[in-house]
Amino acid sequence: MNFRQNQKLFSIFFAIIFIGLGLYTLCSTENITTEDIALNFIIIVVGFTYPLVIFKTYLSKIFLLVEGTIFFCVGIFYLTFYPKILFCSIGMLLMFFFTIKIYRSRIKH
């Protein structure tokens, strides 16, 4: 198996682990808070996004832009102060970086 096939296999295992972890944590806790829901939602989104970026490389910029938007929105609406700063800054960086990359690729064509 070459590197690309190993990376695809790894991305599938990564997705299964992250989606399973997110769903298990939501189902196993008795007192679910908004922070639990937000963090598990982000874990599930990351679990979905990584294989999509590996298998659909031509859409990777769009997927990561949407993931940045989700990080930012979850940070603003659901988290307390310090996690809010972290997730909003990660979301803003992802949105800024991939908006610039999408804009540059549109200009070249």
# chains A, B, ... in the order shown; residues from 1 in each chain; ligands from 1
call {"tool": "residues_around", "arguments": {"residues": "stretch 59-74 of chain A", "least_positions_apart": "4", "cutoff": "8 Å", "atoms": "only C-alpha atoms", "output": "JSON, numbers by chain"}}
result
{"A": [38, 42, 45, 46, 49, 52, 53, 54, 78, 79, 87, 88, 89, 90, 91, 92, 93, 94, 95, 98, 99, 101, 102]}
call {"tool": "residues_around", "arguments": {"residues": "A:Ile43", "least_positions_apart": "2", "cutoff": "7 Å", "atoms": "only C-alpha atoms", "output": "list in words"}}
result
Phe18, Ile19, Gly22, Leu39, Asn40, Phe41, Val45, Val46 and Gly47 of chain A
call {"tool": "write_last_selection", "arguments": {"atoms": "C-alpha atoms", "output": "PDB file, in the first residue's frame"}}
result
ATOM      1  CA  PHE A  18     -14.165  10.732  16.517  1.00  0.00           C
ATOM      2  CA  ILE A  19     -17.817  10.250  15.600  1.00  0.00           C
ATOM      3  CA  GLY A  22     -18.701  12.317  20.231  1.00  0.00           C
ATOM      4  CA  LEU A  39     -17.632  20.235  22.132  1.00  0.00           C
ATOM      5  CA  ASN A  40     -19.114  16.919  21.018  1.00  0.00           C
ATOM      6  CA  PHE A  41     -20.624  18.605  17.976  1.00  0.00           C
ATOM      7  CA  VAL A  45     -17.709  17.729  12.640  1.00  0.00           C
ATOM      8  CA  VAL A  46     -13.946  17.157  12.702  1.00  0.00           C
ATOM      9  CA  GLY A  47     -14.600  13.423  12.330  1.00  0.00           C
TER      10      GLY A  47
END
call {"tool": "atom_distance", "arguments": {"atom1": "atom CA of A:Ser105", "atom2": "atom CA of A:Ser11"}}
result
25.8 Å
call {"tool": "closest_residue", "arguments": {"among": "A:Phe77, A:Tyr24, A:Tyr103, A:Tyr58", "to": "A:Ile44", "atoms": "only C-alpha atoms"}}
result
A:Tyr24
call {"tool": "residues_around", "arguments": {"residues": "A:Phe10", "least_positions_apart": "3", "cutoff": "12 Å", "atoms": "only C-alpha atoms", "output": "VMD selection string"}}
result
chain A and resid 3 to 7 13 to 17 47 50 to 51 54 to 55
